[in-house]
Every structure is written in C-alpha cells, then in structure tokens.
Amino acid sequence: MQTGAKEAIKASYLSIAGNACLAIAKFLTGFFGNSYALIADAIESTTDVFSSILVLLGLRYAAKPADDNHPYGHGRAEPLFTFMVVGFLIVSATIIAYESIENIRTPHETPKAYTLLVLAVIIIIKEIFYRIVKRKGRETNSSVLEADAWHHRSDAITSLMAFIGISIALVMGDGYEVADDWAALFASGFILYNAYLILRPALGEIMDEHMHEELEADIRSIAITHPGVVETEKCYIRKTGMTYHVDLHIAVDALITVKEGHDIAHRVKDDILQELPEVADVLIHVEPDDELQEF
C-alpha cells in the first residue's frame, strides 16, 4: 500500500473515533440540557460515523493495486464512495430540518446554560479535526478524505449555530425557546450546501473533467526542457483515486529515427514520474514537429 494511502487511512480512523465520542457527548448534553439543536448536532455526528466508515472502506478499496480486470487500478472507487458520503449528509440534513420544524411548533423548555460550554469545546475540537483531515486529503490527493474533512467543518458550523441559538434563548428569556430550533433548521440548510460542495469535484473526477491546470503546467514544464522535445501539444489528465494518469503529446524533429523519438519519450516519461510522485503513469504520443494538427 502506498504511503499516501496509509496516511489517508490513519486520518479516517481519527474521524471515526472523534465522531463517535462527540455524537455521544452531544446527545447526552442535548437530552439532559433541553437542547434540540444539540440533539440535531448529535444526529449529524452519528451519520458522520457511518460516512467515515464508508470513507475508510473506500480508501482501502481504492488503494488496491492494478490487476487484469482493473489495469488503471481501483482508484475510481473513491468518488463513488464520496457520493455515498454526500447521501449521508443529505439524509442527516433532512432529518434535522424535519425535527426542527416539529420542535418549533411544539413549546418546550429553555436549554440549560451549561450546554454552551459543551458546544464551545465541540466547536474547537471539530475545527481541529477539519484542519487535520483537510491537510491529509490535500497531501494524498484524496477526494473522499477531503469530503470527510467537510463533514467536520459542517459539524463545527452546526454546533456554532446551536451555540448562537441557545445563547439567544437564554438571553432573551421566555418566548425565545425556539431560537435553539431555528438554529438547527438553519444548520440543516448549510449541511445541504456543503453536500453540493463535496459532490461537485467528485462528479468532475468521475467524468474526467479538466480540473488539473497546475499539474498540467508542471508536466509541460518538465517535458519541454528535454533535449529533442520541440513542443508539447495535448495533455490530458485523469484522476484515479489518489494518483493521476496522463496522456501527453510531444513534438520532435521529423527527421530523427523512430528509435530516437522512442528514447526521447521514455526519458520524458521517466522524469515526470520521478519529479511528480502523484502521477502513476504517463502515455506519451510522439509527433513530427511539422505535422502537428488538431484531431
């Protein structure tokens, strides 16, 4: 298993353990502290546990090496598992919104003041988790891990909404008990928005959308510095899990031999793989420099 995959899997274990502990803490505090916003937050954290388990399964499957049936590896499983994570987000947002509306219609007691202390601690912890998992997602090029990071950020924001709602209810007194529930309802909308932010890049990945301009520039820069390469033409990049597969067209002198062109292509490929470890493979097409044309 690649080092990047191992690091991503470690981060997913952190997510599972953290979400499980916080879900229990939120539910108990919300139940005894008369705060539905906290209970709603606990519901989201519970779905986060299951989504983090999906992330772990996705990472393990995507890290499997290529075989006869999957010559490009199993990396495409990552965005598929990301879709499942988004599904969990949508379900949790729907449940929270429904229960919030029901609680707004039903009079209930004002939340206890100590719920604010619990929420403050949760907000700090979840923001720390977000930053850790987000960094690991970027370092390993894992879309599903970055989706899991957004789970932590959305959790921190729903906790912040609960904090604001409970504060309003406590400060304003009688008649403002539902501020807690309105906060949970607002949080559900934010969760749905985050679901879209997570879905969009995963959909682009599965559709081979052109989204890798910076990597393309690095590849062209490496190729064009090679002796014998006149210019680079097409450069197509597809992301498969935490690695990339590249199709690159280079132009060489039309008068050199086939073997010379072949050797140039091999040297370009070797250098790209050495300098850009996130690139799993490069397929290079050699063209004579006087016959470049659009296909």
# chains A, B, ... in the order shown; residues from 1 in each chain; ligands from 1
$ residues_around --residues "Trp150 in chain A" --least-positions-apart "5" --cutoff "10 Å" --atoms "only C-alpha atoms" --output "NGL selection string"
:A and (127 or 129-131 or 133-134 or 144-145 or 155-156 or 191 or 194-195 or 197-198)
$ residues_around --residues "Arg105 in chain A" --least-positions-apart "4" --cutoff "9 Å" --atoms "only C-alpha atoms" --output "list in words"
Ser100, Ile101 and Val178 of chain A
$ residues_around --residues "Leu119 in chain A" --least-positions-apart "2" --cutoff "12 Å" --atoms "only C-alpha atoms" --output "count of residues only"
39
$ select_by_dssp --residues "range 109-273 of chain A" --states "strand (DSSP E)" --output "list of chain:residue names"
A:Val229, A:Val230, A:Glu231, A:Thr232, A:Glu233, A:Lys234, A:Cys235, A:Tyr236, A:Ile237, A:Arg238, A:Lys239, A:Thr240, A:Thr243, A:Tyr244, A:His245, A:Val246, A:Asp247, A:Leu248, A:His249, A:Ile250, A:Ala251, A:Val252
$ closest_atom_pairs --of "range 83-145 of chain A" --to "range 69-76 of chain A" --cutoff "12 Å" --atoms "only C-alpha atoms" --output "tab-separated table"
residue	atom	partner	partner_atom	distance
A:Phe83	CA	A:Arg76	CA	11.7
A:Asn141	CA	A:Gly75	CA	11.0
A:Ser142	CA	A:Gly75	CA	9.6
A:Ser143	CA	A:Arg76	CA	10.4
A:Val144	CA	A:Arg76	CA	10.7
$ write_last_selection --atoms "C-alpha atoms" --output "PDB file, in the first residue's frame"
ATOM      1  CA  PHE A  83     -21.297  10.066  -3.480  1.00  0.00           C
ATOM      2  CA  ASN A 141      -4.917  13.842  -3.318  1.00  0.00           C
ATOM      3  CA  SER A 142      -7.876  12.021  -1.760  1.00  0.00           C
ATOM      4  CA  SER A 143     -11.268  13.452  -2.736  1.00  0.00           C
ATOM      5  CA  VAL A 144     -13.140  11.199  -0.321  1.00  0.00           C
TER       6      VAL A 144
END
$ residues_around --residues "Tyr236 in chain A" --least-positions-apart "6" --cutoff "8 Å" --atoms "only C-alpha atoms" --output "ChimeraX atom specification"
/A:210,216,246-248
